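Visitor: Data: data11.cif, mmCIF, C-alpha atoms.
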```
data_entry
#
loop_
_atom_site.label_atom_id
_atom_site.label_comp_id
_atom_site.auth_asym_id
_atom_site.auth_seq_id
_atom_site.Cartn_x
_atom_site.Cartn_y
_atom_site.Cartn_z
CA MET P 472 -29.84 -50.06 -72.78
CA GLU P 473 -32.12 -47.98 -70.55
CA SER P 474 -31.46 -44.32 -69.95
CA GLU P 475 -31.05 -42.93 -66.48
CA SER P 476 -34.57 -41.52 -66.50
CA GLU P 477 -36.03 -44.86 -67.61
CA SER P 478 -34.26 -46.81 -64.90
CA GLY P 479 -35.47 -44.63 -62.08
CA ALA P 480 -33.58 -42.93 -59.27
CA ALA P 481 -32.98 -43.95 -55.70
CA ALA P 482 -35.74 -43.30 -53.21
CA ASP P 483 -34.45 -41.81 -49.99
CA THR P 484 -36.16 -42.38 -46.69
CA PRO P 485 -37.79 -39.29 -45.13
CA LEU P 486 -34.75 -38.46 -42.97
CA GLU P 487 -33.13 -35.29 -44.29
CA THR P 488 -29.69 -36.59 -43.34
CA LEU P 489 -29.89 -39.40 -45.86
CA SER P 490 -28.77 -37.38 -48.86
CA PHE P 491 -25.14 -37.89 -47.77
CA HIS P 492 -24.21 -34.21 -48.30
CA GLY P 493 -21.75 -32.30 -46.21
CA ASP P 494 -18.54 -33.19 -44.47
CA GLU P 495 -19.68 -36.72 -43.75
CA GLU P 496 -20.22 -37.61 -47.38
CA ILE P 497 -19.15 -41.20 -47.81
CA ILE P 498 -17.83 -40.95 -51.31
CA GLU P 499 -15.52 -38.07 -50.44
CA VAL P 500 -14.15 -40.11 -47.57
CA VAL P 501 -13.57 -42.93 -50.01
CA GLU P 502 -11.61 -40.71 -52.37
CA LEU P 503 -9.32 -39.49 -49.61
CA ASP P 504 -8.95 -42.90 -48.02
CA PRO P 505 -5.61 -44.56 -48.87
CA GLY P 506 -7.40 -47.89 -49.20
CA PRO P 507 -7.85 -51.11 -47.25
CA PRO P 508 -5.21 -52.30 -44.81
CA ASP P 509 -2.04 -53.54 -46.46
CA PRO P 510 -2.12 -57.35 -46.34
CA ASP P 511 1.68 -57.61 -46.24
CA ASP P 512 1.63 -57.79 -42.46
CA LEU P 513 -0.64 -60.83 -42.58
CA ALA P 514 2.06 -63.48 -42.77
CA GLN P 515 3.60 -62.23 -39.55
CA GLU P 516 0.17 -62.11 -37.93
CA MET P 517 -0.38 -65.76 -38.77
CA GLU P 518 3.06 -66.99 -37.61
CA ASP P 519 1.89 -67.14 -34.02
CA VAL P 520 -1.25 -69.12 -34.75
CA ASP P 521 -1.10 -72.38 -32.85
CA PHE P 522 -3.58 -74.92 -34.14
CA GLU P 523 -4.69 -77.64 -31.79
CA GLU P 524 -6.02 -80.88 -33.20
CA GLU P 525 -9.10 -81.20 -31.06
CA GLU P 526 -11.82 -81.50 -33.66
CA GLU P 527 -12.74 -85.10 -32.88
CA GLU P 528 -13.03 -84.40 -29.15
CA GLU P 529 -15.13 -81.28 -29.79
CA GLY P 530 -17.46 -83.17 -32.05
CA ASN P 531 -17.89 -85.97 -29.53
CA GLU P 532 -18.57 -83.49 -26.74
CA GLU P 533 -21.44 -82.06 -28.76
CA GLY P 534 -22.94 -85.55 -28.91
CA TRP P 535 -24.10 -85.31 -32.50
CA VAL P 536 -25.13 -88.28 -34.57
CA LEU P 537 -24.72 -87.18 -38.17
CA GLU P 538 -27.37 -88.53 -40.51
CA PRO P 539 -26.63 -89.26 -44.16
CA GLN P 540 -27.42 -86.24 -46.33
CA GLU P 541 -29.85 -86.63 -49.21
CA GLY P 542 -28.74 -85.74 -52.70
CA VAL P 543 -25.01 -85.95 -51.99
CA VAL P 544 -22.87 -87.97 -54.36
CA GLY P 545 -21.02 -90.88 -52.79
CA SER P 546 -19.93 -91.44 -49.21
CA MET P 547 -18.15 -88.57 -47.47
CA GLU P 548 -17.02 -90.48 -44.42
CA GLY P 549 -13.24 -90.64 -44.30
CA PRO P 550 -10.14 -88.73 -43.24
CA ASP P 551 -10.37 -85.30 -41.63
CA ASP P 552 -7.64 -82.97 -42.87
CA SER P 553 -8.85 -80.00 -40.81
CA GLU P 554 -6.89 -78.42 -37.98
CA VAL P 555 -9.83 -76.92 -36.07
CA THR P 556 -13.54 -77.77 -35.98
CA PHE P 557 -16.14 -75.30 -34.72
CA ALA P 558 -19.15 -77.32 -33.56
CA LEU P 559 -21.55 -74.96 -31.78
CA HIS P 560 -24.12 -74.80 -34.59
CA SER P 561 -26.98 -77.29 -34.32
CA ALA P 562 -28.01 -77.24 -38.01
CA SER P 563 -26.52 -76.52 -41.42
CA VAL P 564 -23.98 -73.67 -41.42
CA PHE P 565 -24.77 -71.40 -44.38
CA CYS P 566 -22.14 -68.66 -44.37
CA VAL P 567 -18.67 -67.71 -43.18
CA SER P 568 -16.51 -64.60 -43.34
CA LEU P 569 -13.07 -63.75 -41.96
CA ASP P 570 -12.10 -60.47 -40.37
CA PRO P 571 -10.12 -58.64 -43.08
CA LYS P 572 -7.62 -56.85 -40.86
CA THR P 573 -5.98 -59.78 -39.07
CA ASN P 574 -7.68 -62.87 -40.50
CA THR P 575 -7.78 -64.33 -36.99
CA LEU P 576 -11.57 -64.29 -36.45
CA ALA P 577 -14.47 -65.92 -38.25
CA VAL P 578 -18.20 -65.26 -38.18
CA THR P 579 -20.58 -68.07 -39.16
CA GLY P 580 -24.35 -68.15 -39.55
CA GLY P 581 -26.68 -71.11 -39.81
CA GLU P 582 -30.07 -72.73 -40.16
CA ASP P 583 -30.30 -72.81 -36.35
CA ASP P 584 -31.02 -69.04 -36.41
CA LYS P 585 -27.66 -68.41 -34.78
CA ALA P 586 -24.44 -66.60 -35.65
CA PHE P 587 -21.16 -66.85 -33.80
CA VAL P 588 -17.87 -64.95 -33.83
CA TRP P 589 -15.00 -67.30 -33.01
CA ARG P 590 -11.24 -67.61 -33.13
CA LEU P 591 -9.59 -69.49 -35.98
CA SER P 592 -6.56 -70.66 -34.00
CA ASP P 593 -8.51 -72.85 -31.57
CA GLY P 594 -12.21 -72.50 -32.40
CA GLU P 595 -12.91 -70.64 -29.16
CA LEU P 596 -16.19 -68.71 -29.11
CA LEU P 597 -15.82 -64.94 -28.66
CA PHE P 598 -19.52 -64.12 -28.65
CA GLU P 599 -22.88 -65.09 -30.09
CA CYS P 600 -24.71 -62.67 -32.38
CA ALA P 601 -28.03 -63.25 -30.67
CA GLY P 602 -31.58 -62.28 -31.55
CA HIS P 603 -32.22 -63.79 -34.98
CA LYS P 604 -35.46 -65.70 -35.49
CA ASP P 605 -34.73 -67.11 -38.95
CA SER P 606 -31.82 -68.81 -40.71
CA VAL P 607 -28.73 -66.60 -40.75
CA THR P 608 -27.65 -66.56 -44.39
CA CYS P 609 -25.32 -63.53 -44.49
CA ALA P 610 -22.48 -62.52 -42.17
CA GLY P 611 -19.41 -60.36 -42.56
CA PHE P 612 -16.90 -58.00 -40.97
CA SER P 613 -16.49 -54.34 -41.87
CA HIS P 614 -13.40 -53.23 -43.80
CA ASP P 615 -11.47 -52.42 -40.60
CA SER P 616 -12.73 -55.46 -38.63
CA THR P 617 -14.29 -53.25 -35.94
CA LEU P 618 -17.87 -54.25 -36.77
CA VAL P 619 -19.56 -57.51 -37.68
CA ALA P 620 -22.95 -57.78 -39.40
CA THR P 621 -25.37 -60.69 -39.59
CA GLY P 622 -28.54 -61.01 -41.62
CA ASP P 623 -31.29 -63.61 -41.62
CA MET P 624 -33.72 -64.75 -44.30
CA SER P 625 -36.57 -62.65 -42.91
CA GLY P 626 -34.54 -59.49 -43.44
CA LEU P 627 -33.44 -58.74 -39.88
CA LEU P 628 -29.91 -57.29 -39.95
CA LYS P 629 -27.81 -56.73 -36.86
CA VAL P 630 -24.39 -55.16 -36.30
CA TRP P 631 -22.09 -55.70 -33.33
CA GLN P 632 -18.94 -53.91 -32.26
CA VAL P 633 -16.31 -56.62 -32.14
CA ASP P 634 -14.18 -55.36 -29.23
CA THR P 635 -17.09 -54.68 -26.86
CA LYS P 636 -19.26 -57.55 -28.21
CA GLU P 637 -22.25 -55.20 -28.04
CA GLU P 638 -25.03 -54.80 -30.59
CA VAL P 639 -24.87 -51.27 -32.02
CA TRP P 640 -27.47 -51.31 -34.83
CA SER P 641 -30.35 -53.34 -36.23
CA PHE P 642 -32.85 -52.96 -39.05
CA GLU P 643 -35.71 -54.99 -40.50
CA ALA P 644 -35.74 -54.95 -44.30
CA GLY P 645 -37.57 -57.28 -46.67
CA ASP P 646 -36.60 -60.92 -47.22
CA LEU P 647 -32.81 -60.87 -47.51
CA GLU P 648 -30.99 -61.99 -50.68
CA TRP P 649 -27.44 -60.69 -50.08
CA MET P 650 -25.43 -58.40 -47.83
CA GLU P 651 -22.02 -56.76 -48.19
CA TRP P 652 -19.91 -54.17 -46.42
CA HIS P 653 -18.51 -51.19 -48.30
CA PRO P 654 -14.78 -51.82 -48.96
CA ARG P 655 -13.58 -48.61 -47.28
CA ALA P 656 -16.29 -47.16 -45.02
CA PRO P 657 -18.67 -48.27 -42.23
CA VAL P 658 -21.48 -48.64 -44.74
CA LEU P 659 -23.58 -51.78 -45.18
CA LEU P 660 -25.42 -52.74 -48.37
CA ALA P 661 -28.08 -55.41 -48.83
CA GLY P 662 -30.46 -56.64 -51.51
CA THR P 663 -33.98 -57.79 -50.76
CA ALA P 664 -36.75 -59.80 -52.41
CA ASP P 665 -38.79 -56.68 -53.21
CA GLY P 666 -36.09 -55.53 -55.65
CA ASN P 667 -34.57 -52.88 -53.41
CA THR P 668 -30.89 -52.43 -52.66
CA TRP P 669 -30.35 -50.76 -49.30
CA MET P 670 -27.37 -48.74 -48.08
CA TRP P 671 -26.92 -47.73 -44.43
CA LYS P 672 -24.35 -45.77 -42.51
CA VAL P 673 -23.58 -47.78 -39.39
CA PRO P 674 -24.25 -47.21 -36.58
CA ASN P 675 -26.15 -43.91 -37.14
CA GLY P 676 -28.55 -45.63 -39.53
CA ASP P 677 -28.72 -43.04 -42.35
CA CYS P 678 -30.23 -44.92 -45.27
CA LYS P 679 -30.69 -44.88 -49.03
CA THR P 680 -32.66 -47.29 -51.18
CA PHE P 681 -31.99 -48.06 -54.82
CA GLN P 682 -35.20 -49.27 -56.42
CA GLY P 683 -34.82 -52.02 -58.97
CA PRO P 684 -37.50 -53.92 -60.86
CA ASN P 685 -40.37 -55.56 -59.02
CA CYS P 686 -38.44 -58.77 -58.41
CA PRO P 687 -35.67 -59.91 -56.05
CA ALA P 688 -32.23 -58.29 -56.13
CA THR P 689 -30.49 -61.65 -56.11
CA CYS P 690 -26.81 -60.65 -55.93
CA GLY P 691 -24.68 -57.54 -55.61
CA ARG P 692 -21.15 -56.24 -55.27
CA VAL P 693 -19.64 -52.84 -54.47
CA LEU P 694 -17.05 -51.92 -57.09
CA PRO P 695 -13.47 -51.36 -55.85
CA ASP P 696 -13.74 -47.57 -56.24
CA GLY P 697 -16.44 -47.57 -53.55
CA LYS P 698 -18.58 -45.22 -55.65
CA ARG P 699 -20.64 -47.75 -57.62
CA ALA P 700 -22.33 -51.09 -57.06
CA VAL P 701 -23.45 -53.72 -59.55
CA VAL P 702 -26.68 -55.56 -58.73
CA GLY P 703 -28.25 -58.53 -60.49
CA TYR P 704 -31.96 -59.32 -60.45
CA GLU P 705 -34.29 -62.28 -60.80
CA ASP P 706 -35.62 -61.01 -64.13
CA GLY P 707 -32.13 -61.27 -65.67
CA THR P 708 -31.39 -57.54 -65.63
CA ILE P 709 -28.17 -55.97 -64.36
CA ARG P 710 -27.87 -52.45 -62.94
CA ILE P 711 -24.77 -50.45 -62.16
CA TRP P 712 -25.70 -47.91 -59.47
CA ASP P 713 -24.06 -44.61 -58.56
CA LEU P 714 -24.00 -44.80 -54.77
CA LYS P 715 -23.59 -41.04 -54.34
CA GLN P 716 -26.21 -39.79 -56.78
CA GLY P 717 -28.56 -42.73 -56.27
CA ASN P 718 -29.27 -43.38 -59.94
CA ALA P 719 -28.67 -46.38 -62.18
CA ILE P 720 -25.80 -45.45 -64.50
CA TYR P 721 -26.39 -48.47 -66.74
CA VAL P 722 -29.19 -51.00 -67.08
CA LEU P 723 -28.58 -54.19 -69.04
CA LYS P 724 -31.73 -56.03 -70.06
CA GLY P 725 -33.13 -58.06 -72.92
CA THR P 726 -30.34 -59.61 -74.99
CA GLU P 727 -27.76 -57.62 -73.03
CA GLY P 728 -28.98 -59.06 -69.75
CA HIS P 729 -29.50 -62.70 -68.80
CA GLN P 730 -32.37 -64.98 -69.74
CA GLY P 731 -32.85 -66.13 -66.16
CA PRO P 732 -32.23 -65.03 -62.57
CA LEU P 733 -28.71 -63.88 -61.73
CA THR P 734 -26.86 -66.04 -59.23
CA CYS P 735 -23.51 -64.29 -58.76
CA VAL P 736 -21.44 -61.26 -59.71
CA ALA P 737 -17.74 -60.41 -59.44
CA THR P 738 -15.38 -57.58 -60.39
CA ASN P 739 -11.72 -57.57 -61.34
CA GLN P 740 -9.09 -55.88 -59.17
CA ASP P 741 -9.34 -52.39 -60.65
CA GLY P 742 -13.10 -52.54 -61.15
CA SER P 743 -12.96 -52.08 -64.92
CA LEU P 744 -14.62 -55.42 -65.65
CA ILE P 745 -17.68 -57.14 -64.19
CA LEU P 746 -18.56 -60.81 -64.54
CA THR P 747 -22.17 -61.93 -64.02
CA GLY P 748 -23.57 -65.46 -63.77
CA SER P 749 -27.09 -66.82 -64.13
CA VAL P 750 -29.23 -69.92 -64.16
CA ASP P 751 -29.22 -69.46 -67.96
CA CYS P 752 -25.71 -71.02 -67.85
CA GLN P 753 -24.09 -67.90 -69.25
CA ALA P 754 -21.37 -65.74 -67.74
CA LYS P 755 -21.30 -62.23 -69.16
CA LEU P 756 -18.26 -59.97 -69.18
CA VAL P 757 -19.32 -56.34 -68.85
CA SER P 758 -17.29 -53.15 -69.10
CA ALA P 759 -17.93 -51.11 -65.94
CA THR P 760 -16.91 -47.99 -67.89
CA THR P 761 -19.29 -48.31 -70.82
CA GLY P 762 -21.94 -50.69 -69.47
CA LYS P 763 -21.52 -52.83 -72.60
CA VAL P 764 -21.29 -56.63 -72.72
CA VAL P 765 -17.81 -57.37 -74.09
CA GLY P 766 -17.90 -61.15 -73.82
CA VAL P 767 -20.21 -64.10 -73.20
CA PHE P 768 -19.03 -67.46 -71.88
CA ARG P 769 -21.12 -70.61 -72.17
CA PRO P 770 -20.29 -74.17 -71.10
CA GLU P 771 -19.29 -76.26 -74.09
CA THR P 772 -21.83 -78.96 -73.21
CA VAL P 773 -24.65 -76.47 -73.72
CA ALA P 774 -23.12 -74.73 -76.73
CA SER P 775 -22.77 -78.06 -78.53
CA GLN P 776 -26.50 -78.81 -78.23
CA PRO P 777 -28.21 -76.19 -80.40
CA ASN P 778 -31.51 -78.11 -80.37
CA LEU P 779 -31.84 -77.88 -76.59
CA GLY P 780 -35.28 -76.56 -75.75
CA GLU P 781 -35.67 -73.16 -74.19
CA GLY P 782 -35.04 -73.27 -70.47
CA GLU P 783 -33.94 -76.92 -70.47
CA GLU P 784 -30.30 -76.15 -69.73
CA SER P 785 -31.25 -74.16 -66.63
CA GLU P 786 -32.97 -77.20 -65.13
CA SER P 787 -29.79 -79.27 -65.09
CA ASN P 788 -27.09 -76.63 -64.88
CA SER P 789 -26.40 -73.05 -63.86
CA VAL P 790 -23.53 -70.72 -63.04
CA GLU P 791 -22.99 -70.88 -59.27
CA SER P 792 -19.82 -68.85 -58.72
CA LEU P 793 -17.21 -66.91 -60.67
CA GLY P 794 -14.19 -64.67 -60.27
CA PHE P 795 -11.14 -63.01 -61.82
CA CYS P 796 -7.49 -64.00 -61.47
CA SER P 797 -5.42 -61.08 -60.13
CA VAL P 798 -2.16 -61.91 -61.97
CA MET P 799 -3.25 -63.28 -65.36
CA PRO P 800 -6.10 -62.41 -67.77
CA LEU P 801 -8.13 -65.40 -66.61
CA ALA P 802 -11.64 -65.87 -65.27
CA ALA P 803 -13.07 -68.93 -63.53
CA VAL P 804 -16.70 -70.02 -63.73
CA GLY P 805 -18.14 -72.79 -61.54
CA TYR P 806 -21.25 -74.66 -62.66
CA LEU P 807 -23.85 -76.71 -60.85
CA ASP P 808 -22.96 -79.75 -62.98
CA GLY P 809 -19.48 -79.79 -61.42
CA THR P 810 -17.58 -78.10 -64.24
CA LEU P 811 -14.89 -75.55 -63.43
CA ALA P 812 -14.19 -73.57 -66.59
CA ILE P 813 -11.08 -71.40 -66.91
CA TYR P 814 -11.48 -68.77 -69.62
CA ASP P 815 -8.78 -66.64 -71.25
CA LEU P 816 -10.11 -63.08 -71.21
CA SER P 817 -7.74 -61.78 -73.88
CA THR P 818 -8.91 -64.31 -76.47
CA GLN P 819 -12.28 -65.08 -74.82
CA THR P 820 -11.68 -68.79 -75.23
CA LEU P 821 -11.97 -71.79 -72.92
CA ARG P 822 -8.52 -72.59 -71.58
CA HIS P 823 -9.24 -75.50 -69.24
CA GLN P 824 -12.23 -77.50 -68.07
CA CYS P 825 -11.86 -79.19 -64.69
CA GLN P 826 -14.53 -81.68 -63.69
CA HIS P 827 -15.85 -82.30 -60.19
CA GLN P 828 -17.91 -85.30 -59.14
CA SER P 829 -20.68 -83.05 -57.86
CA GLY P 830 -21.87 -79.48 -58.13
CA ILE P 831 -19.61 -76.53 -57.39
CA VAL P 832 -20.93 -74.28 -54.64
CA GLN P 833 -18.33 -71.53 -54.68
CA LEU P 834 -14.89 -70.66 -56.05
CA LEU P 835 -12.21 -68.23 -54.89
CA TRP P 836 -8.96 -67.13 -56.52
CA GLU P 837 -5.84 -66.98 -54.39
CA ALA P 838 -4.46 -63.44 -54.36
CA GLY P 839 -1.26 -63.00 -56.35
CA THR P 840 -1.30 -66.45 -57.99
CA ALA P 841 -3.14 -68.41 -60.67
CA VAL P 842 -4.55 -70.89 -58.14
CA VAL P 843 -8.31 -71.23 -57.84
CA TYR P 844 -10.08 -72.92 -54.91
CA THR P 845 -13.43 -74.68 -55.22
CA CYS P 846 -15.83 -76.17 -52.70
CA SER P 847 -18.55 -78.54 -53.77
CA LEU P 848 -21.52 -80.65 -52.79
CA ASP P 849 -19.26 -83.67 -52.16
CA GLY P 850 -17.80 -81.91 -49.10
CA ILE P 851 -14.30 -81.43 -50.57
CA VAL P 852 -12.14 -78.32 -51.07
CA ARG P 853 -9.95 -78.50 -54.17
CA LEU P 854 -7.04 -76.38 -55.36
CA TRP P 855 -6.48 -76.03 -59.12
CA ASP P 856 -3.61 -74.57 -61.13
CA ALA P 857 -5.44 -72.42 -63.67
CA ARG P 858 -2.38 -72.30 -65.94
CA THR P 859 -2.40 -76.05 -66.51
CA GLY P 860 -5.86 -77.12 -65.36
CA ARG P 861 -4.20 -79.55 -62.96
CA LEU P 862 -5.60 -80.48 -59.55
CA LEU P 863 -2.98 -79.49 -56.99
CA THR P 864 -4.51 -80.97 -53.85
CA ASP P 865 -7.77 -81.43 -51.99
CA TYR P 866 -8.92 -81.18 -48.39
CA ARG P 867 -11.52 -83.42 -46.77
CA GLY P 868 -13.24 -83.66 -43.43
CA HIS P 869 -16.88 -82.73 -43.84
CA THR P 870 -19.56 -85.41 -43.87
CA ALA P 871 -22.02 -83.34 -45.90
CA GLU P 872 -21.97 -80.70 -48.62
CA ILE P 873 -19.88 -77.54 -48.18
CA LEU P 874 -22.18 -74.52 -48.29
CA ASP P 875 -19.67 -71.65 -48.09
CA PHE P 876 -15.98 -71.06 -47.62
CA ALA P 877 -13.46 -68.27 -47.07
CA LEU P 878 -9.75 -67.93 -47.76
CA SER P 879 -7.25 -66.00 -45.68
CA LYS P 880 -5.36 -63.24 -47.48
CA ASP P 881 -2.06 -65.10 -47.38
CA ALA P 882 -3.86 -68.27 -48.50
CA SER P 883 -2.60 -70.22 -45.50
CA LEU P 884 -6.10 -71.03 -44.21
CA VAL P 885 -9.37 -72.19 -45.72
CA VAL P 886 -12.47 -71.97 -43.54
CA THR P 887 -15.51 -73.99 -44.61
CA THR P 888 -19.12 -74.38 -43.49
CA SER P 889 -21.27 -77.41 -44.16
CA GLY P 890 -24.58 -79.19 -43.93
CA ASP P 891 -22.96 -81.40 -41.28
CA HIS P 892 -23.49 -78.55 -38.74
CA LYS P 893 -19.77 -77.77 -38.56
CA ALA P 894 -17.28 -75.16 -39.66
CA LYS P 895 -13.71 -76.29 -40.23
CA VAL P 896 -10.30 -74.64 -40.56
CA PHE P 897 -7.84 -76.22 -42.99
CA CYS P 898 -4.16 -75.32 -43.07
CA VAL P 899 -3.13 -75.03 -46.73
CA GLN P 900 0.31 -76.44 -47.46
CA ARG P 901 1.70 -76.33 -50.97
CA PRO P 902 5.18 -77.34 -52.16
CA ASP P 903 5.49 -74.26 -54.38
CA ARG P 904 5.43 -71.89 -51.37
#
```
The structure in this file should be written as structure tokens.
Guide:
Amino acid sequence: MESESESGAAADTPLETLSFHGDEEIIEVVELDPGPPDPDDLAQEMEDVDFEEEEEEEGNEEGWVLEPQEGVVGSMEGPDDSEVTFALHSASVFCVSLDPKTNTLAVTGGEDDKAFVWRLSDGELLFECAGHKDSVTCAGFSHDSTLVATGDMSGLLKVWQVDTKEEVWSFEAGDLEWMEWHPRAPVLLAGTADGNTWMWKVPNGDCKTFQGPNCPATCGRVLPDGKRAVVGYEDGTIRIWDLKQGNAIYVLKGTEGHQGPLTCVATNQDGSLILTGSVDCQAKLVSATTGKVVGVFRPETVASQPNLGEGEESESNSVESLGFCSVMPLAAVGYLDGTLAIYDLSTQTLRHQCQHQSGIVQLLWEAGTAVVYTCSLDGIVRLWDARTGRLLTDYRGHTAEILDFALSKDASLVVTTSGDHKAKVFCVQRPDR
């Protein structure tokens, strides 16, 4: 464990206003803020959504001829379970995010250097987030849905005001690895390939940088209290940053860190636990209070091969996505080899292992239930009951791998993006609701 002095402090830009002192201090606002909008109104918001089954016509109007995708298991031609198809991208669609306040809008970014804000109910375009000159890999709405941010691989970030559709802020950082809005304030964070984590007030642009090691900051997440952020790095280290003071509270490295680049990080609902994933095939459970590793999860296929050479497991497998269940002491870990592992946190044992035919790209837990959603390289969304390990249902419609997906707060909609140049909206229907 590194001390605070060893880990280094944040380096502010020359602007005197960047110290975040005074009445505008973000963290004080966070403490007084009652929290994010209550999602209980969401069901009523979604009652009036009228889906129109026009995806085939939209696709034909675009005039695309979809080529077979390399490296995808099996044929993905077949039924289309989606209700709406958004078809304005002309290349792979890398990212999607839903507006958190109403869950009626989506923003998508793609390999065509474009990002669009569009309506979930009918796929109608609201506006294009123009001006990117590289693949748009990050996109998201602010906590109150008033702002939308997009970021491309070169490090150009842009923010638009949703109601006026006007660009209100832009910044050029280093090559972009990840981007995330603060959960309670108009503050944007991003990690770049030079090891820095950036934090900006938007739109006034006040900025702080949190200097990590001299390697990419590959993933990051603001903790639910809004005062700290956990960032993972390519060298396997993990840092928990104090966003107000600008210092690293804890640094996990060596045996406490990972033996390969971090790929993903998640926190539980109250922010007491952090889960980190890496190409070393390990998921580490970390106490956010003490900075100590309190559990390590490994896939059984790797653990049962003690003679596996160093680094060999990372060539064929890695942790791609992970997350905590909000109603049971369960964690889900998705692996590149297609394994979905459900772990019991109280006993730190493997509870279920659910196999996919191809690699898992991302997983999401449904709020308030023990249902976990996965999307994978075979172009299919699957719903799993984590209590039993049983597959509940799946949704098909893409003709290439799914690259990202988002879930509405009431779990009535799944929005996916794919290498087939499309984003799709699926209406989730389950007999137990």
Visitor: Please tell me which residues are no farther than 8 Å from (-30.2, -53.1, -69.9) in the file, counting all atoms listed in the file, and write them as a list in words.
Guide: Met472, Glu473, Thr708, Ile709, Arg710, Tyr721, Val722, Leu723, Lys724, Gly725, Glu727 and Gly728 of chain P
Visitor: Okay, now the selection with C-alpha atoms, as a PDB file, keeping the file's coordinate frame?
Guide:
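Final file, result.pdb:
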```pdb
ATOM      1  CA  MET P 472     -29.840 -50.060 -72.780  1.00  0.00           C
ATOM      2  CA  GLU P 473     -32.120 -47.980 -70.550  1.00  0.00           C
ATOM      3  CA  THR P 708     -31.390 -57.540 -65.630  1.00  0.00           C
ATOM      4  CA  ILE P 709     -28.170 -55.970 -64.360  1.00  0.00           C
ATOM      5  CA  ARG P 710     -27.870 -52.450 -62.940  1.00  0.00           C
ATOM      6  CA  TYR P 721     -26.390 -48.470 -66.740  1.00  0.00           C
ATOM      7  CA  VAL P 722     -29.190 -51.000 -67.080  1.00  0.00           C
ATOM      8  CA  LEU P 723     -28.580 -54.190 -69.040  1.00  0.00           C
ATOM      9  CA  LYS P 724     -31.730 -56.030 -70.060  1.00  0.00           C
ATOM     10  CA  GLY P 725     -33.130 -58.060 -72.920  1.00  0.00           C
ATOM     11  CA  GLU P 727     -27.760 -57.620 -73.030  1.00  0.00           C
ATOM     12  CA  GLY P 728     -28.980 -59.060 -69.750  1.00  0.00           C
TER      13      GLY P 728
END
```
Visitor: Take the PyMOL selection byres ((chain P and resi 700) around 10), apply it to the structure above, and return the hits as number ranges by chain.
Guide: P: 653, 660, 668, 691-699, 701-702, 710-714, 719-720, 759
Visitor: Calculated over all atoms listed in the file, which of the candidates P:Met650, P:Leu659, P:Cys735, P:Leu597 has the smallest distance to P:Val633?
Guide: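 Distance minimum relative to P:Val633 lands on P:Leu597.
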Visitor: Which residues, written as a PyMOL selection string, have at least one atom at most 10 Å from P:Leu862, with only C-alpha atoms counted and residues fewer than 6 positions away on the same chain left out?
Guide: chain P and resi 825-826+842-844+853-856
Visitor: Would you list the residues near (-12.1, -70.8, -47.0), meaning any protein, DNA or RNA residue with an atom at most 12 Å from that point in file coordinates, counting all atoms listed in the file, as a ChimeraX atom specification?
Guide: /P:553,566-569,574,577,579,591,833-837,843-846,851-854,866,873-889,894-899
Visitor: Might you spell out which residues the PyMOL selection byres ((chain P and resi 807-818) around 9) would select in the displayed file, as a ChimeraX atom specification?
Guide: /P:756,766,768,770,787-791,799-806,819-832,834,845,847-848,857-858,860
Visitor: Could you state the separation of atom CA of P:Lys636 and atom CA of P:His614 in Å, given to one decimal place?
Guide: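 Atom CA of P:His614 lies 17.2 Å from atom CA of P:Lys636.
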Visitor: Kindly indicate which residue among P:Ala558, P:Ala661, P:Cys600, P:Val673 lies nearest to P:Thr617, using only C-alpha atoms for the distances.
Guide: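 The closest residue to P:Thr617 is P:Val673.
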Visitor: Would you compute the distance between atom CA of P:Thr689 and atom CA of P:Leu733? Give it in Å to one decimal.
Guide: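 These two atoms are separated by 6.3 Å.
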Visitor: One number please: atom CA of P:Phe557 to atom CA of P:Lys893, in Å, one decimal.
Guide: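 Here the two named atoms are 5.8 Å from each other.
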Visitor: Pull out every residue that the PyMOL selection byres ((chain P and resi 598) around 12) matches in the shown coordinates and put them as a PyMOL selection string.
Guide: chain P and resi 559+576-579+585-590+594-597+599-601+619+631-638
Visitor: Compare P:Asp551, P:Gly645, P:Thr864, P:Pro654 by their minimum atom-to-atom distance to P:Pro571, counting all atoms listed in the file, and give me the closest one.
Guide: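 Closest to P:Pro571, using all atoms listed in the file: P:Pro654.
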Visitor: Could you tell me which of P:Thr680, P:Asn667, P:Thr621, P:Gln716 comes closest to P:Trp652 if we count all atoms listed in the file?
Guide: P:Thr621
Visitor: Looking at P:Ser606, P:Thr760, P:Val555, P:Gly850, which one is nearest to P:Asp593, with distances taken over only C-alpha atoms?
Guide: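 Between P:Ser606, P:Thr760, P:Val555, P:Gly850, the residue approaching P:Asp593 most closely is P:Val555.
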